[in-house]
>>> print(open('my_file_4.pdb').read())   # PDB, C-alpha atoms
MODEL        1
ATOM      1  CA  MET A  57     -67.264  65.626 -12.348
ATOM      2  CA  GLN A  58     -64.195  65.334 -14.494
ATOM      3  CA  HIS A  59     -62.884  62.029 -15.940
ATOM      4  CA  GLY A  60     -59.233  61.213 -16.656
ATOM      5  CA  ASP A  61     -56.567  63.682 -15.809
ATOM      6  CA  ASP A  62     -57.589  66.460 -13.365
ATOM      7  CA  LEU A  63     -55.146  68.870 -15.019
ATOM      8  CA  GLU A  64     -56.476  71.464 -17.282
ATOM      9  CA  ASP A  65     -56.001  71.050 -20.988
ATOM     10  CA  ASP A  66     -53.737  74.074 -21.199
ATOM     11  CA  PHE A  67     -51.612  73.048 -18.112
ATOM     12  CA  VAL A  68     -47.839  73.470 -18.493
ATOM     13  CA  PRO A  69     -45.545  72.038 -15.678
ATOM     14  CA  ASP A  70     -43.212  74.529 -14.166
ATOM     15  CA  ASP A  71     -39.456  74.024 -14.096
ATOM     16  CA  LEU A  72     -39.353  72.786 -10.489
ATOM     17  CA  VAL A  73     -41.784  69.924 -11.105
ATOM     18  CA  ALA A  74     -39.965  68.929 -14.289
ATOM     19  CA  LEU A  75     -36.628  68.752 -12.508
ATOM     20  CA  SER A  76     -38.006  66.671  -9.637
ATOM     21  CA  ASP A  77     -39.443  64.136 -12.127
ATOM     22  CA  GLU A  78     -36.024  63.776 -13.824
ATOM     23  CA  GLU A  79     -34.327  62.962 -10.498
ATOM     24  CA  ASP A  80     -36.411  59.752 -10.219
ATOM     25  CA  LEU A  81     -34.760  58.382 -13.410
ATOM     26  CA  PRO A  82     -31.305  56.759 -13.290
ATOM     27  CA  ASN A  83     -28.638  59.057 -14.627
ATOM     28  CA  ALA A  84     -26.097  58.191 -17.254
ATOM     29  CA  ASP A  85     -23.448  57.407 -14.637
ATOM     30  CA  ASP A  86     -25.720  54.920 -12.862
ATOM     31  CA  ILE A  87     -26.482  53.149 -16.136
ATOM     32  CA  GLY A  88     -22.824  53.055 -16.923
ATOM     33  CA  GLY A  89     -22.159  51.524 -13.491
ATOM     34  CA  LEU A  90     -24.747  48.837 -14.054
ATOM     35  CA  LEU A  91     -23.372  48.062 -17.470
ATOM     36  CA  SER A  92     -19.784  47.927 -16.214
ATOM     37  CA  ALA A  93     -20.820  45.553 -13.395
ATOM     38  CA  ASP A  94     -22.390  43.166 -15.929
ATOM     39  CA  GLU A  95     -19.331  43.389 -18.099
ATOM     40  CA  ASP A  96     -17.074  42.601 -15.074
ATOM     41  CA  ASP A  97     -19.135  39.490 -14.343
ATOM     42  CA  ALA A  98     -18.770  38.374 -17.923
ATOM     43  CA  GLY A  99     -15.007  39.010 -17.740
ATOM     44  CA  ALA A 100     -14.661  36.938 -14.581
ATOM     45  CA  ALA A 101     -15.932  33.895 -16.434
ATOM     46  CA  GLN A 102     -12.971  34.067 -18.826
ATOM     47  CA  PRO A 103      -9.648  32.351 -17.644
ATOM     48  CA  ASN A 104      -6.887  34.640 -16.538
ATOM     49  CA  PRO A 105      -3.706  33.700 -18.460
ATOM     50  CA  VAL A 106      -1.419  34.601 -15.536
ATOM     51  CA  GLN A 107      -3.462  32.603 -13.018
ATOM     52  CA  SER A 108      -3.673  29.591 -15.374
ATOM     53  CA  ALA A 109       0.098  29.517 -15.838
ATOM     54  CA  ALA A 110       0.651  29.676 -12.058
ATOM     55  CA  ALA A 111      -1.796  26.825 -11.484
ATOM     56  CA  LEU A 112      -0.076  24.659 -14.107
ATOM     57  CA  GLU A 113       3.339  25.362 -12.581
ATOM     58  CA  LYS A 114       2.049  24.447  -9.120
ATOM     59  CA  LYS A 115       0.601  21.192 -10.467
ATOM     60  CA  ARG A 116       3.870  20.390 -12.251
ATOM     61  CA  LYS A 117       5.886  20.912  -9.058
ATOM     62  CA  ARG A 118       3.465  18.731  -7.100
ATOM     63  CA  ARG A 119       3.843  15.913  -9.632
ATOM     64  CA  ALA A 120       7.635  16.256  -9.576
ATOM     65  CA  LYS A 121       7.690  15.990  -5.776
ATOM     66  CA  GLU A 122       5.436  12.922  -5.873
ATOM     67  CA  LYS A 123       7.692  11.290  -8.472
ATOM     68  CA  GLU A 124      10.769  12.050  -6.357
ATOM     69  CA  ARG A 125       9.087  10.615  -3.251
ATOM     70  CA  LYS A 126       8.229   7.369  -5.057
ATOM     71  CA  ALA A 127      11.785   7.103  -6.402
ATOM     72  CA  LYS A 128      13.223   7.459  -2.878
ATOM     73  CA  LYS A 129      10.784   4.863  -1.555
ATOM     74  CA  ARG A 130      11.740   2.424  -4.334
ATOM     75  CA  LYS A 131      15.469   2.983  -3.725
ATOM     76  CA  LEU A 132      15.006   2.401   0.006
ATOM     77  CA  ALA A 133      13.162  -0.861  -0.693
ATOM     78  CA  GLU A 134      16.031  -2.033  -2.915
ATOM     79  CA  THR A 135      18.669  -1.314  -0.269
ATOM     80  CA  VAL A 136      16.868  -3.177   2.507
ATOM     81  CA  GLU A 137      18.271  -6.696   2.909
ATOM     82  CA  PRO A 138      15.671  -9.320   2.072
ATOM     83  CA  VAL A 139      14.687 -11.559   4.928
ATOM     84  CA  GLU A 140      16.022 -15.036   4.329
ATOM     85  CA  PRO A 141      13.700 -17.935   5.086
ATOM     86  CA  PRO A 142      14.641 -20.143   8.059
ATOM     87  CA  SER A 143      17.219 -22.781   7.182
ATOM     88  CA  ILE A 144      15.980 -26.340   6.775
ATOM     89  CA  ALA A 145      19.118 -27.349   8.700
ATOM     90  CA  ALA A 146      17.593 -26.025  11.945
ATOM     91  CA  GLN A 147      15.000 -28.828  11.963
ATOM     92  CA  PRO A 148      15.272 -31.894  14.259
ATOM     93  CA  PRO A 149      16.696 -35.155  12.840
ATOM     94  CA  VAL A 150      13.304 -36.778  12.238
ATOM     95  CA  MET A 151      12.286 -33.927   9.919
ATOM     96  CA  LEU A 152      15.719 -33.784   8.291
ATOM     97  CA  ALA A 153      15.477 -37.509   7.533
ATOM     98  CA  ASP A 154      12.155 -36.878   5.744
ATOM     99  CA  TYR A 155      13.666 -33.931   3.882
ATOM    100  CA  LEU A 156      16.663 -35.954   2.708
ATOM    101  CA  SER A 157      14.376 -38.808   1.726
ATOM    102  CA  SER A 158      12.294 -36.459  -0.449
ATOM    103  CA  MET A 159      15.467 -35.154  -2.099
ATOM    104  CA  GLN A 160      16.640 -38.706  -2.728
ATOM    105  CA  ALA A 161      13.306 -39.512  -4.372
ATOM    106  CA  LYS A 162      13.872 -36.640  -6.827
ATOM    107  CA  THR A 163      17.339 -37.981  -7.590
ATOM    108  CA  PHE A 164      16.450 -41.664  -7.882
ATOM    109  CA  ASN A 165      13.122 -41.257  -9.648
ATOM    110  CA  GLU A 166      13.690 -44.557 -11.433
ATOM    111  CA  MET A 167      13.751 -46.481  -8.138
ATOM    112  CA  SER A 168      10.825 -48.270  -6.567
ATOM    113  CA  GLY A 169       9.665 -47.470  -3.031
ATOM    114  CA  ILE A 170      11.491 -50.516  -1.652
ATOM    115  CA  GLU A 171      14.735 -49.531  -3.379
ATOM    116  CA  LEU A 172      14.457 -45.975  -2.050
ATOM    117  CA  ALA A 173      13.955 -47.291   1.465
ATOM    118  CA  ASP A 174      17.161 -49.314   1.153
ATOM    119  CA  ALA A 175      19.102 -46.248   0.009
ATOM    120  CA  GLN A 176      17.660 -43.975   2.690
ATOM    121  CA  ILE A 177      20.033 -42.299   5.142
ATOM    122  CA  PRO A 178      19.107 -43.453   8.659
ATOM    123  CA  GLU A 179      17.792 -40.843  11.056
ATOM    124  CA  SER A 180      20.313 -42.052  13.657
ATOM    125  CA  ALA A 181      23.152 -40.827  11.409
ATOM    126  CA  ILE A 182      21.873 -37.222  11.393
ATOM    127  CA  VAL A 183      23.243 -34.955  14.127
ATOM    128  CA  ASP A 184      20.711 -32.987  16.176
ATOM    129  CA  THR A 185      21.803 -29.329  15.890
ATOM    130  CA  THR A 186      18.590 -27.693  17.119
ATOM    131  CA  ALA A 187      20.452 -26.300  20.163
ATOM    132  CA  TRP A 188      22.155 -23.855  17.781
ATOM    133  CA  THR A 189      19.897 -20.791  17.470
ATOM    134  CA  GLU A 190      22.292 -18.402  15.714
ATOM    135  CA  SER A 191      22.466 -17.940  11.961
ATOM    136  CA  ARG A 192      24.050 -20.649   9.828
ATOM    137  CA  SER A 193      26.408 -18.361   7.952
ATOM    138  CA  LEU A 194      30.150 -18.786   7.467
ATOM    139  CA  ASP A 195      31.026 -16.196  10.099
ATOM    140  CA  GLN A 196      29.342 -18.503  12.620
ATOM    141  CA  LEU A 197      30.821 -21.800  11.381
ATOM    142  CA  VAL A 198      33.764 -21.904  13.806
ATOM    143  CA  ASP A 199      31.535 -21.285  16.836
ATOM    144  CA  PHE A 200      29.014 -23.803  15.493
ATOM    145  CA  ILE A 201      31.657 -26.540  15.365
ATOM    146  CA  VAL A 202      33.104 -25.635  18.765
ATOM    147  CA  LYS A 203      29.751 -25.577  20.569
ATOM    148  CA  VAL A 204      27.616 -28.102  18.674
ATOM    149  CA  LEU A 205      30.266 -30.572  17.418
ATOM    150  CA  PRO A 206      32.866 -30.783  20.224
ATOM    151  CA  LYS A 207      34.148 -34.206  19.079
ATOM    152  CA  LEU A 208      34.833 -32.831  15.605
ATOM    153  CA  HIS A 209      36.519 -29.770  17.100
ATOM    154  CA  THR A 210      38.888 -31.991  19.073
ATOM    155  CA  ARG A 211      39.761 -34.160  16.072
ATOM    156  CA  LEU A 212      40.396 -31.152  13.815
ATOM    157  CA  SER A 213      43.069 -29.941  16.233
ATOM    158  CA  GLN A 214      44.869 -33.311  16.317
ATOM    159  CA  ARG A 215      47.634 -34.388  13.965
ATOM    160  CA  PRO A 216      46.275 -36.763  11.274
ATOM    161  CA  LYS A 217      47.877 -40.218  11.126
ATOM    162  CA  SER A 218      47.454 -40.975   7.416
ATOM    163  CA  ASN A 219      47.689 -39.040   4.185
ATOM    164  CA  GLY A 220      44.466 -38.159   2.422
ATOM    165  CA  ALA A 221      42.284 -39.296   5.347
ATOM    166  CA  PRO A 222      40.268 -36.341   6.723
ATOM    167  CA  THR A 223      38.047 -36.397   9.787
ATOM    168  CA  LEU A 224      35.655 -33.974   8.021
ATOM    169  CA  ILE A 225      34.253 -33.727   4.509
ATOM    170  CA  TYR A 226      32.439 -30.457   3.825
ATOM    171  CA  VAL A 227      30.220 -30.453   0.716
ATOM    172  CA  ALA A 228      29.566 -27.061  -0.944
ATOM    173  CA  GLY A 229      27.787 -26.296  -4.193
ATOM    174  CA  ALA A 230      30.299 -24.171  -6.125
ATOM    175  CA  ALA A 231      34.034 -23.485  -6.382
ATOM    176  CA  LEU A 232      33.822 -19.974  -4.902
ATOM    177  CA  ARG A 233      31.883 -21.268  -1.920
ATOM    178  CA  VAL A 234      34.468 -24.034  -1.446
ATOM    179  CA  ALA A 235      37.228 -21.420  -1.313
ATOM    180  CA  ASP A 236      35.320 -19.377   1.279
ATOM    181  CA  VAL A 237      34.641 -22.400   3.503
ATOM    182  CA  THR A 238      38.280 -23.503   3.248
ATOM    183  CA  ARG A 239      39.493 -20.168   4.597
ATOM    184  CA  VAL A 240      37.144 -20.448   7.589
ATOM    185  CA  LEU A 241      38.146 -24.029   8.429
ATOM    186  CA  ARG A 242      41.826 -23.026   8.451
ATOM    187  CA  ASP A 243      41.116 -20.867  11.520
ATOM    188  CA  LYS A 244      43.557 -21.540  14.371
ATOM    189  CA  ARG A 245      40.639 -21.894  16.769
ATOM    190  CA  LEU A 246      39.826 -25.153  14.993
ATOM    191  CA  ARG A 247      43.200 -26.510  13.900
ATOM    192  CA  GLY A 248      45.366 -25.279  16.738
ATOM    193  CA  GLU A 249      49.082 -25.909  16.199
ATOM    194  CA  LYS A 250      48.948 -29.594  15.245
ATOM    195  CA  GLY A 251      45.891 -29.844  13.003
ATOM    196  CA  GLY A 252      46.284 -31.073   9.454
ATOM    197  CA  ASP A 253      45.772 -29.173   6.226
ATOM    198  CA  VAL A 254      42.368 -28.252   4.773
ATOM    199  CA  ALA A 255      42.040 -29.551   1.202
ATOM    200  CA  LYS A 256      40.274 -27.397  -1.384
ATOM    201  CA  LEU A 257      38.749 -29.707  -3.976
ATOM    202  CA  PHE A 258      36.895 -28.534  -7.092
ATOM    203  CA  ALA A 259      37.280 -29.121 -10.817
ATOM    204  CA  LYS A 260      37.797 -25.482 -11.862
ATOM    205  CA  HIS A 261      41.514 -24.871 -12.504
ATOM    206  CA  PHE A 262      42.500 -28.301 -11.078
ATOM    207  CA  LYS A 263      42.768 -31.637 -12.832
ATOM    208  CA  LEU A 264      41.672 -34.765 -10.989
ATOM    209  CA  GLU A 265      45.224 -36.132 -11.187
ATOM    210  CA  GLU A 266      46.551 -33.057  -9.388
ATOM    211  CA  HIS A 267      44.184 -33.605  -6.465
ATOM    212  CA  VAL A 268      45.026 -37.313  -6.328
ATOM    213  CA  ALA A 269      48.740 -36.526  -6.098
ATOM    214  CA  TYR A 270      48.151 -33.832  -3.462
ATOM    215  CA  LEU A 271      46.002 -36.078  -1.231
ATOM    216  CA  LYS A 272      48.454 -38.970  -1.395
ATOM    217  CA  ARG A 273      51.286 -36.839  -0.090
ATOM    218  CA  THR A 274      49.384 -34.635   2.434
ATOM    219  CA  LYS A 275      47.956 -35.185   5.901
ATOM    220  CA  ILE A 276      44.602 -33.376   5.906
ATOM    221  CA  ALA A 277      42.140 -32.675   8.694
ATOM    222  CA  ALA A 278      39.290 -31.626   6.409
ATOM    223  CA  ALA A 279      38.368 -31.870   2.755
ATOM    224  CA  VAL A 280      36.142 -29.127   1.343
ATOM    225  CA  GLY A 281      34.828 -29.656  -2.149
ATOM    226  CA  THR A 282      32.084 -29.626  -4.716
ATOM    227  CA  PRO A 283      30.016 -32.832  -4.899
ATOM    228  CA  GLY A 284      31.292 -33.531  -8.410
ATOM    229  CA  ARG A 285      34.978 -33.545  -7.488
ATOM    230  CA  LEU A 286      34.467 -35.203  -4.098
ATOM    231  CA  GLY A 287      32.395 -37.926  -5.753
ATOM    232  CA  LYS A 288      35.075 -38.701  -8.306
ATOM    233  CA  LEU A 289      37.768 -38.883  -5.631
ATOM    234  CA  LEU A 290      35.617 -41.174  -3.462
ATOM    235  CA  CYS A 291      34.313 -43.467  -6.194
ATOM    236  CA  ASP A 292      36.982 -43.444  -8.913
ATOM    237  CA  THR A 293      40.213 -43.223  -6.871
ATOM    238  CA  ASP A 294      41.643 -44.359  -3.558
ATOM    239  CA  ALA A 295      43.175 -40.941  -2.820
ATOM    240  CA  LEU A 296      40.394 -39.689  -0.503
ATOM    241  CA  ALA A 297      40.157 -42.232   2.325
ATOM    242  CA  THR A 298      37.307 -42.571   4.832
ATOM    243  CA  THR A 299      39.276 -44.458   7.496
ATOM    244  CA  ALA A 300      39.398 -41.379   9.770
ATOM    245  CA  LEU A 301      36.128 -39.802   8.597
ATOM    246  CA  THR A 302      33.697 -38.939  11.412
ATOM    247  CA  HIS A 303      31.600 -36.088  10.000
ATOM    248  CA  ILE A 304      30.154 -34.936   6.686
ATOM    249  CA  ILE A 305      28.684 -31.420   6.593
ATOM    250  CA  LEU A 306      26.207 -30.458   3.868
ATOM    251  CA  ASP A 307      26.201 -26.721   3.132
ATOM    252  CA  VAL A 308      22.403 -26.497   2.748
ATOM    253  CA  SER A 309      21.779 -23.024   4.244
ATOM    254  CA  PHE A 310      23.752 -21.126   1.620
ATOM    255  CA  ARG A 311      21.755 -19.842  -1.376
ATOM    256  CA  ASP A 312      23.228 -18.852  -4.716
ATOM    257  CA  ALA A 313      22.269 -15.799  -6.793
ATOM    258  CA  LYS A 314      19.091 -17.598  -7.874
ATOM    259  CA  LYS A 315      18.218 -18.380  -4.222
ATOM    260  CA  ARG A 316      18.897 -22.101  -4.690
ATOM    261  CA  THR A 317      20.496 -24.336  -2.068
ATOM    262  CA  LEU A 318      22.895 -27.234  -2.551
ATOM    263  CA  LEU A 319      20.021 -29.712  -2.843
ATOM    264  CA  ASP A 320      17.730 -27.463  -4.906
ATOM    265  CA  ILE A 321      19.996 -27.692  -7.964
ATOM    266  CA  PRO A 322      19.323 -30.984  -9.800
ATOM    267  CA  GLU A 323      22.956 -31.509 -10.867
ATOM    268  CA  THR A 324      24.522 -30.987  -7.441
ATOM    269  CA  ARG A 325      21.690 -32.857  -5.713
ATOM    270  CA  SER A 326      22.289 -35.866  -7.931
ATOM    271  CA  GLU A 327      26.046 -35.820  -7.262
ATOM    272  CA  VAL A 328      25.520 -35.527  -3.505
ATOM    273  CA  PHE A 329      23.290 -38.596  -3.285
ATOM    274  CA  ARG A 330      24.853 -40.709  -6.033
ATOM    275  CA  THR A 331      28.592 -40.214  -5.539
ATOM    276  CA  VAL A 332      29.189 -38.630  -2.111
ATOM    277  CA  LEU A 333      26.600 -39.963   0.336
ATOM    278  CA  GLY A 334      26.003 -42.839  -2.072
ATOM    279  CA  ALA A 335      29.658 -43.884  -2.215
ATOM    280  CA  PRO A 336      29.691 -47.440  -0.734
ATOM    281  CA  LYS A 337      32.323 -46.688   1.938
ATOM    282  CA  VAL A 338      30.433 -43.531   3.007
ATOM    283  CA  LEU A 339      26.980 -45.114   3.029
ATOM    284  CA  ASN A 340      28.290 -48.048   5.076
ATOM    285  CA  GLY A 341      29.802 -45.623   7.604
ATOM    286  CA  LEU A 342      26.486 -43.750   7.920
ATOM    287  CA  ARG A 343      24.599 -46.989   8.498
ATOM    288  CA  GLN A 344      27.125 -48.354  10.985
ATOM    289  CA  GLY A 345      27.252 -45.115  12.958
ATOM    290  CA  THR A 346      30.943 -44.334  12.378
ATOM    291  CA  ILE A 347      30.102 -41.310  10.170
ATOM    292  CA  GLN A 348      27.659 -38.585  11.224
ATOM    293  CA  LEU A 349      25.831 -36.288   8.827
ATOM    294  CA  VAL A 350      25.476 -32.588   9.703
ATOM    295  CA  LEU A 351      23.301 -30.060   7.866
ATOM    296  CA  PHE A 352      24.611 -26.512   8.185
TER     297      PHE A 352
ENDMDL
END
>>> encode(input="my_file_4.pdb", output="structure tokens")
Amino acid sequence: MQHGDDLEDDFVPDDLVALSDEEDLPNADDIGGLLSADEDDAGAAQPNPVQSAAALEKKRKRRAKEKERKAKKRKLAETVEPVEPPSIAAQPPVMLADYLSSMQAKTFNEMSGIELADAQIPESAIVDTTAWTESRSLDQLVDFIVKVLPKLHTRLSQRPKSNGAPTLIYVAGAALRVADVTRVLRDKRLRGEKGGDVAKLFAKHFKLEEHVAYLKRTKIAAAVGTPGRLGKLLCDTDALATTALTHIILDVSFRDAKKRTLLDIPETRSEVFRTVLGAPKVLNGLRQGTIQLVLF
């Protein structure tokens, strides 16, 4: 019995056996293929400069489009007209009386509660305009007067009897607004052929003496003015009479560039209550029912 290798000590493999053993080993090409595959995997882990540049360009374009989209959205938001809040003037008289009372309290903050009650504008003097459901803008003012204030419409079309004695006083907060309202009230649909003039009363460019002289020589159907100038004419002169006065309109729906109304601005609010509505001949007319107050 032999141990170990069964081959004889002097055994020499023939060429055929030697060749068949070599075929079981990987050849040089196979090793090269394996090595090149490993090297390719290692290369794939490294960033491709061309691909990186394309990805960055794509990201840049995406950001540019997003920025452009936001800019268009912002521009669209700026061009959309803001929604104005409902006008306080559309409220019924009982609520308007409370509103005016609160504005008076801001003006006469030195007064006691009893004194404020004495100065309060009676609810009965405030015209109920809740039937008007359209906007309270100047392009609707003529229709508003025709439909809601028929008595005023009739009187505006009649020839005034006395100089400087309007049937309407319209109180606006600034000179430019006064000019705009004046143009509207001069409409033939209101004045007809016989109606008096429409006075434009504000301090800018006009001295008080000029307005006094104009009123004393002119028959007017309406006086449109700022509270400061109207107050001076009512309290400091006899040029603006109230003998024919039936209506006072407060321009409370209009808002200035700072979104403030006639009664939001402390200066104009004070003049309205102290020298226009607070003028003795006006306040007496409101209390006696000969003058009606309209909020537009």
>>> atom_distance(input="my_file_4.pdb", atom1="atom CA of A:Pro283", atom2="atom CA of A:Lys256")
12.1 Å
>>> resolve_selection(input="my_file_4.pdb", expression="the PyMOL selection byres ((chain A and resi 231-244) around 9)", output="ChimeraX atom specification")
/A:194-195,197-198,213,226-230,245-249,251,253-260,278-282,310
>>> write_last_selection(input="my_file_4.pdb", atoms="C-alpha atoms", output="CSV table (one decimal), keeping the file's coordinate frame")
chain,number,residue,atom,x,y,z
A,194,LEU,CA,30.2,-18.8,7.5
A,195,ASP,CA,31.0,-16.2,10.1
A,197,LEU,CA,30.8,-21.8,11.4
A,198,VAL,CA,33.8,-21.9,13.8
A,213,SER,CA,43.1,-29.9,16.2
A,226,TYR,CA,32.4,-30.5,3.8
A,227,VAL,CA,30.2,-30.5,0.7
A,228,ALA,CA,29.6,-27.1,-0.9
A,229,GLY,CA,27.8,-26.3,-4.2
A,230,ALA,CA,30.3,-24.2,-6.1
A,245,ARG,CA,40.6,-21.9,16.8
A,246,LEU,CA,39.8,-25.2,15.0
A,247,ARG,CA,43.2,-26.5,13.9
A,248,GLY,CA,45.4,-25.3,16.7
A,249,GLU,CA,49.1,-25.9,16.2
A,251,GLY,CA,45.9,-29.8,13.0
A,253,ASP,CA,45.8,-29.2,6.2
A,254,VAL,CA,42.4,-28.3,4.8
A,255,ALA,CA,42.0,-29.6,1.2
A,256,LYS,CA,40.3,-27.4,-1.4
A,257,LEU,CA,38.7,-29.7,-4.0
A,258,PHE,CA,36.9,-28.5,-7.1
A,259,ALA,CA,37.3,-29.1,-10.8
A,260,LYS,CA,37.8,-25.5,-11.9
A,278,ALA,CA,39.3,-31.6,6.4
A,279,ALA,CA,38.4,-31.9,2.8
A,280,VAL,CA,36.1,-29.1,1.3
A,281,GLY,CA,34.8,-29.7,-2.1
A,282,THR,CA,32.1,-29.6,-4.7
A,310,PHE,CA,23.8,-21.1,1.6
>>> closest_residue(input="my_file_4.pdb", among="A:Gln147, A:Thr324, A:Ser158, A:Thr302", to="A:Gly287", atoms="all atoms listed in the file")
A:Thr324
>>> resolve_selection(input="my_file_4.pdb", expression="the PyMOL selection byres ((chain A and resi 223) around 8)", output="list in words")
Leu208, Arg211, Leu212, Ala221, Pro222, Leu224, Ile225, Ala277, Ala278, Thr298, Ala300, Leu301, Thr302 and His303 of chain A
>>> residues_around(input="my_file_4.pdb", residues="stretch 163-176 of chain A", least_positions_apart="6", cutoff="7 Å", atoms="all atoms listed in the file", output="list in words")
Ser157, Arg325 and Ser326 of chain A
>>> residues_around(input="my_file_4.pdb", residues="A:Ser191", least_positions_apart="2", cutoff="12 Å", atoms="only C-alpha atoms", output="number ranges by chain")
A: 140-146, 186-189, 193-197, 199-200, 309-310, 352
>>> atom_distance(input="my_file_4.pdb", atom1="atom CA of A:Gln344", atom2="atom CA of A:Val268")
27.2 Å
>>> build_atoms(input="my_file_4.pdb", residues="stretch 190-203 of chain A", atoms="N, CA, C and O atoms", output="PDB file, in the frame of the given file")
ATOM      1  N   GLU A 190      21.729 -19.517  16.489  1.00  0.00           N
ATOM      2  CA  GLU A 190      22.292 -18.402  15.714  1.00  0.00           C
ATOM      3  C   GLU A 190      22.135 -18.689  14.220  1.00  0.00           C
ATOM      4  O   GLU A 190      21.642 -19.748  13.822  1.00  0.00           O
ATOM      5  N   SER A 191      22.555 -17.746  13.407  1.00  0.00           N
ATOM      6  CA  SER A 191      22.466 -17.940  11.961  1.00  0.00           C
ATOM      7  C   SER A 191      23.455 -19.007  11.509  1.00  0.00           C
ATOM      8  O   SER A 191      24.449 -19.281  12.187  1.00  0.00           O
ATOM      9  N   ARG A 192      23.168 -19.623  10.378  1.00  0.00           N
ATOM     10  CA  ARG A 192      24.050 -20.649   9.828  1.00  0.00           C
ATOM     11  C   ARG A 192      24.807 -20.054   8.638  1.00  0.00           C
ATOM     12  O   ARG A 192      24.703 -20.524   7.510  1.00  0.00           O
ATOM     13  N   SER A 193      25.575 -19.033   8.941  1.00  0.00           N
ATOM     14  CA  SER A 193      26.408 -18.361   7.952  1.00  0.00           C
ATOM     15  C   SER A 193      27.874 -18.671   8.255  1.00  0.00           C
ATOM     16  O   SER A 193      28.205 -19.127   9.355  1.00  0.00           O
ATOM     17  N   LEU A 194      28.748 -18.403   7.296  1.00  0.00           N
ATOM     18  CA  LEU A 194      30.150 -18.786   7.467  1.00  0.00           C
ATOM     19  C   LEU A 194      30.824 -18.093   8.643  1.00  0.00           C
ATOM     20  O   LEU A 194      31.727 -18.664   9.263  1.00  0.00           O
ATOM     21  N   ASP A 195      30.397 -16.875   8.964  1.00  0.00           N
ATOM     22  CA  ASP A 195      31.026 -16.196  10.099  1.00  0.00           C
ATOM     23  C   ASP A 195      30.658 -16.835  11.432  1.00  0.00           C
ATOM     24  O   ASP A 195      31.241 -16.493  12.463  1.00  0.00           O
ATOM     25  N   GLN A 196      29.731 -17.783  11.404  1.00  0.00           N
ATOM     26  CA  GLN A 196      29.342 -18.503  12.620  1.00  0.00           C
ATOM     27  C   GLN A 196      29.820 -19.958  12.610  1.00  0.00           C
ATOM     28  O   GLN A 196      29.610 -20.680  13.589  1.00  0.00           O
ATOM     29  N   LEU A 197      30.465 -20.381  11.526  1.00  0.00           N
ATOM     30  CA  LEU A 197      30.821 -21.800  11.381  1.00  0.00           C
ATOM     31  C   LEU A 197      31.783 -22.283  12.461  1.00  0.00           C
ATOM     32  O   LEU A 197      31.612 -23.386  12.999  1.00  0.00           O
ATOM     33  N   VAL A 198      32.790 -21.491  12.782  1.00  0.00           N
ATOM     34  CA  VAL A 198      33.764 -21.904  13.806  1.00  0.00           C
ATOM     35  C   VAL A 198      33.060 -22.116  15.148  1.00  0.00           C
ATOM     36  O   VAL A 198      33.250 -23.157  15.800  1.00  0.00           O
ATOM     37  N   ASP A 199      32.257 -21.153  15.566  1.00  0.00           N
ATOM     38  CA  ASP A 199      31.535 -21.285  16.836  1.00  0.00           C
ATOM     39  C   ASP A 199      30.561 -22.456  16.793  1.00  0.00           C
ATOM     40  O   ASP A 199      30.361 -23.146  17.798  1.00  0.00           O
ATOM     41  N   PHE A 200      29.943 -22.678  15.645  1.00  0.00           N
ATOM     42  CA  PHE A 200      29.014 -23.803  15.493  1.00  0.00           C
ATOM     43  C   PHE A 200      29.734 -25.125  15.757  1.00  0.00           C
ATOM     44  O   PHE A 200      29.229 -25.990  16.495  1.00  0.00           O
ATOM     45  N   ILE A 201      30.904 -25.295  15.166  1.00  0.00           N
ATOM     46  CA  ILE A 201      31.657 -26.540  15.365  1.00  0.00           C
ATOM     47  C   ILE A 201      32.116 -26.677  16.810  1.00  0.00           C
ATOM     48  O   ILE A 201      32.000 -27.752  17.421  1.00  0.00           O
ATOM     49  N   VAL A 202      32.602 -25.589  17.383  1.00  0.00           N
ATOM     50  CA  VAL A 202      33.104 -25.635  18.765  1.00  0.00           C
ATOM     51  C   VAL A 202      31.993 -25.996  19.743  1.00  0.00           C
ATOM     52  O   VAL A 202      32.187 -26.827  20.647  1.00  0.00           O
ATOM     53  N   LYS A 203      30.830 -25.408  19.587  1.00  0.00           N
ATOM     54  CA  LYS A 203      29.751 -25.577  20.569  1.00  0.00           C
ATOM     55  C   LYS A 203      28.843 -26.775  20.293  1.00  0.00           C
ATOM     56  O   LYS A 203      28.364 -27.426  21.219  1.00  0.00           O
TER      57      LYS A 203
END
